[in-house]
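Asker: Starting off with a structure, shown below.
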Amino acid sequence: MLLFVWILYLCTIGAQAATNRDGHPTTVQTFENKTVLLPCYVEGIRSHETRVRWWREGVLLADSVVQEQPSSERVTLYTNGSLRILHVQKEDSGEYVCQAIRPSPWGHVTQVHEIEVIYPPSVETVPASGELEVNLGERVEMQCVTKGVPAPTISWRTKNEEIPLLDSRSHLKFHADNWNFSGTYTCVATNGIGEPAQADIELRIRYKPEVYVQRHWVHAYPGLRVKLDCMVSAWPEAKVEWFFNNKTLEYSSRIMKHNTDNDHSLFIRQVETDDYGSYLCRAVNSLGVTEKMIELSGIANSAVFKKDSHNMTSTSYYFVWLVDSYSPIIEYQFWFRKYRRGGGGEWHKLYIPGGGSVIVSPVHIGSFNLTGLDAATHYEAVVLSRNRYGWSHPSEILRFHTEGAPVDSSENSEMDGDQEQNRIAVVQLSSMSQHYLLTTDASGSIYNRAQILLLILSTFCTLLITRSQILTNVV
């Protein structure tokens, strides 16, 4: 009858009980605010002959002989030695020791049980502010401190991607070798109970300004609108100013600075000849100063060669190039020499007349059939253009060969910074060059003239579409 009543009681209170009856430790996992029943079973001894005490971390919770109030109103000791704990909380987790004091000759017996209150994870960041700043190149250390039962597993995310780590770790350490490592780092803690917890750490890497200009030289014409691009990135944020010919630029309704995020471009409406000159985009923050120069000029853009390997013979080569210029091209300088690795031969310079004073299109076509070349030989060439504002910068070096020469992978290869300087140095060798003045048009055959006409039409249409898009964006 007593056993029946006991079972009925357990069903009534809905307690979660430890069922081990062989003296081995038992762990009870439960949620907060539940009721837990811990048994204290000593085989062969009646309960009235045994004194039972319950301890937790050296603190006496209950004693079956000393009729005193338990350590908490939530703790109840039953006559069979079991201990009931109501509304368990996180702090109730831990080991509970039952001590059964039996009459002689048996002595003492102890049983150990454990309560593990499971609860969802939580996360706190180190630093607690969730913000971290370091200088470029310094070591970054961030941490998330998690709580939860079972112990949460940890993962890290940044820029919407998980950071691949060899194991779950609460510390994240790396060197700030690139300012692009700046951003939000999210620590995610998961233990299968409830929803994952997460916390963010905002990392800012301090670095001196970096300035990028799309073009170091911009072709403009009086009356048109022009945009000088200057992109700046820095932390702390940089103060950006424009200078014109080494003087602070004065802004007006015609000359305006445009600031949007990293874009610090300069707009000039209705360009005047007095606007031609050097524009300096300077960015300053507490870590340093960076600046880039942009030249605004009416001289033509650098020519671009259009290479056609079929227009060659053993002793000649036919060239076509394009030049973007709002003003008529008066003449061209054509430089050529034999190409040798590590340094070529002597440069030769030719003057080629331009297309006249009438502008049909801002895209000008130049052409020339260079004869008297050596068979099976590699050469290189550069062309410059002159309009009313002066000589343009040189084109990129074109490497070509006459019939019979082996194909060389160096032809038309992309130029690095040193090659660019060598190209500019070409036009400074006029005192060492042989000069040939061409007084007649050497534009080639009727077939080549048709090619040029088609090239003009297609290029002109493309240019009109591009400029229309640019003007639309500027407006």
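In the structure tokens, each chain is lettered A, B, ... as it comes, each chain's residues begin at 1, and ligands are numbered from 1 in order of appearance.
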Considering only strand (DSSP E) as DSSP defines it on the backbone, what residues of range 188-384 of chain A qualify? List them as a VMD selection string.
Answerer: chain A and resid 188 to 190 197 to 212 217 to 219 226 to 228 231 to 235 239 to 244 247 to 248 255 to 260 263 to 268 277 to 285 288 to 297 304 to 306 317 to 324 331 to 338 348 to 353 363 to 370 378 to 384
Asker: Can you tell me how far CA of Val36 in chain A sits from CA of Val88 in chain A, in Å to one decimal?
Answerer: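 For CA of Val36 in chain A relative to CA of Val88 in chain A, the distance reads 7.4 Å.
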Asker: Considering only C-alpha atoms, can you say which of A:Asn160, A:Ser72, A:Gln111, A:Gln29 comes closest to Lys90 in chain A?
Answerer: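 Of A:Asn160, A:Ser72, A:Gln111, A:Gln29, the one nearest Lys90 in chain A is A:Gln29, counting only C-alpha atoms.
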Asker: Can you pull out every residue within 7 Å of range 169-185 of chain A, counting only C-alpha atoms, but drop anything in the same chain fewer than 5 positions away, and send it as a list in words?
Answerer: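 So, after excluding close chain neighbours, the residues are Leu136, Gly137, Glu138, Arg139, Val140, Glu141, Met142, Gln143, Cys144, Val145, Ile154, Trp156, Arg157, Thr158, Asp200, Ile201, Glu202, Leu203, Arg204 and Ile205 of chain A.
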Asker: Excluding same-chain residues fewer than 5 positions from Tyr78 in chain A, what lies within 9 Å of it counting only C-alpha atoms, as a PyMOL selection string?
Answerer: chain A and resi 64+83-84
Asker: Write the selection just made, keeping all heavy atoms, as a PDB file, in the first residue's frame?
Answerer:
```
ATOM      1  N   SER A  64      17.431  13.751   8.347  1.00  0.00           N
ATOM      2  CA  SER A  64      16.203  13.033   8.736  1.00  0.00           C
ATOM      3  C   SER A  64      16.013  12.950  10.248  1.00  0.00           C
ATOM      4  O   SER A  64      14.908  12.664  10.713  1.00  0.00           O
ATOM      5  CB  SER A  64      16.212  11.619   8.149  1.00  0.00           C
ATOM      6  OG  SER A  64      17.312  10.861   8.683  1.00  0.00           O
ATOM      7  N   LEU A  83      15.128  13.141  -1.840  1.00  0.00           N
ATOM      8  CA  LEU A  83      15.146  14.608  -1.733  1.00  0.00           C
ATOM      9  C   LEU A  83      14.444  15.193  -2.951  1.00  0.00           C
ATOM     10  O   LEU A  83      14.782  14.871  -4.099  1.00  0.00           O
ATOM     11  CB  LEU A  83      16.588  15.118  -1.663  1.00  0.00           C
ATOM     12  CG  LEU A  83      16.760  16.613  -1.365  1.00  0.00           C
ATOM     13  CD1 LEU A  83      16.422  16.872   0.112  1.00  0.00           C
ATOM     14  CD2 LEU A  83      18.176  17.074  -1.673  1.00  0.00           C
ATOM     15  N   ARG A  84      13.469  16.061  -2.667  1.00  0.00           N
ATOM     16  CA  ARG A  84      12.746  16.736  -3.742  1.00  0.00           C
ATOM     17  C   ARG A  84      13.161  18.204  -3.798  1.00  0.00           C
ATOM     18  O   ARG A  84      13.242  18.874  -2.759  1.00  0.00           O
ATOM     19  CB  ARG A  84      11.241  16.641  -3.521  1.00  0.00           C
ATOM     20  CG  ARG A  84      10.429  17.227  -4.680  1.00  0.00           C
ATOM     21  CD  ARG A  84       8.974  17.373  -4.310  1.00  0.00           C
ATOM     22  NE  ARG A  84       8.790  18.426  -3.298  1.00  0.00           N
ATOM     23  CZ  ARG A  84       7.584  18.820  -2.844  1.00  0.00           C
ATOM     24  NH1 ARG A  84       6.483  18.219  -3.279  1.00  0.00           N
ATOM     25  NH2 ARG A  84       7.502  19.767  -1.935  1.00  0.00           N
TER      26      ARG A  84
END
```
Asker: One decimal, in Å: what's the spacing between CA of Asp92 in chain A and CA of Gly192 in chain A?
Answerer: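 The value is 21.0 Å.
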Asker: Please tabulate, as CSV, the residues of range 280-357 of chain A that come within 8 Å of range 387-391 of chain A, each with its closest pair of atoms and the distance in Å to one decimal, counting only C-alpha atoms and ordering rows by chain, then residue number upward.
Answerer:
```
residue,atom,partner,partner_atom,distance
A:Ser297,CA,A:Tyr389,CA,8.0
A:Gly298,CA,A:Tyr389,CA,5.7
A:Ile299,CA,A:Tyr389,CA,5.0
A:Ala300,CA,A:Asn387,CA,6.7
A:Ser325,CA,A:Asn387,CA,7.9
A:Ser327,CA,A:Asn387,CA,6.1
A:Pro328,CA,A:Asn387,CA,5.8
A:Ile329,CA,A:Asn387,CA,4.7
A:Ile330,CA,A:Asn387,CA,5.3
A:Glu331,CA,A:Asn387,CA,7.4
```
Asker: Just list the residues in range 139-332 of chain A DSSP gives helix (DSSP H, G or I) on the backbone, as a VMD selection string.
Answerer: chain A and resid 179 to 181 273 to 275
Asker: In Å to one decimal, how far is CA of Pro152 in chain A from CA of Glu124 in chain A?
Answerer: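 Interatomic distance here is 12.9 Å.
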Asker: I'd like the neighbourhood of Cys281 in chain A as a PyMOL selection string, where a residue qualifies if any of its atoms comes within 12 Å (using only C-alpha atoms), though same-chain residues fewer than 3 positions away should be ignored.
Answerer: chain A and resi 209-213+216+228-232+238-249+257+263-266+278+284+289-295
Asker: Okay, now the selection with C-alpha atoms, as a short mmCIF file (atom, residue, chain, number, x, y, z; two decimals), in the first residue's frame?
Answerer:
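Generated file (again.cif):
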```cif
data_model
loop_
_atom_site.label_atom_id
_atom_site.label_comp_id
_atom_site.auth_asym_id
_atom_site.auth_seq_id
_atom_site.Cartn_x
_atom_site.Cartn_y
_atom_site.Cartn_z
CA PRO A 209 44.45 57.08 -46.78
CA GLU A 210 44.61 55.17 -50.04
CA VAL A 211 43.78 57.22 -53.13
CA TYR A 212 42.81 55.82 -56.53
CA VAL A 213 42.29 57.89 -59.67
CA HIS A 216 46.00 60.47 -64.44
CA LEU A 228 37.84 64.04 -62.37
CA ASP A 229 37.52 60.78 -60.42
CA CYS A 230 39.13 60.39 -56.99
CA MET A 231 38.30 57.38 -54.81
CA VAL A 232 39.54 57.50 -51.20
CA ALA A 238 40.05 61.14 -44.31
CA LYS A 239 39.53 64.79 -45.06
CA VAL A 240 39.76 65.24 -48.83
CA GLU A 241 40.65 68.49 -50.59
CA TRP A 242 41.41 69.45 -54.19
CA PHE A 243 44.27 71.71 -55.31
CA PHE A 244 44.77 73.33 -58.71
CA ASN A 245 48.29 74.16 -59.86
CA ASN A 246 49.56 73.88 -56.25
CA LYS A 247 46.87 76.23 -54.90
CA THR A 248 43.73 75.45 -52.91
CA LEU A 249 40.89 75.04 -55.39
CA LYS A 257 33.16 68.67 -55.35
CA ASP A 263 33.85 58.96 -54.07
CA HIS A 264 35.38 62.45 -53.87
CA SER A 265 35.18 63.39 -57.53
CA LEU A 266 35.39 66.88 -59.01
CA SER A 278 47.27 69.95 -62.65
CA VAL A 284 44.55 63.35 -44.81
CA VAL A 289 48.70 61.98 -46.12
CA THR A 290 48.20 60.50 -49.60
CA GLU A 291 47.68 62.41 -52.82
CA LYS A 292 47.28 61.75 -56.54
CA MET A 293 47.64 64.11 -59.50
CA ILE A 294 45.29 64.42 -62.48
CA GLU A 295 46.22 66.49 -65.51
#
```
Asker: For Cys187 in chain A, list every protein, DNA or RNA residue within 6 Å, evaluated using only C-alpha atoms, and leave out those in the same chain fewer than 4 positions away; present the list as a PyMOL selection string.
Answerer: chain A and resi 155-156+198-199
Asker: Which residues are near Ser314 in chain A? Cut-off 8 Å, only C-alpha atoms, ignore same chain within fewer than 6 positions. Put them as number ranges by chain.
Answerer: A: 373-376, 402-404
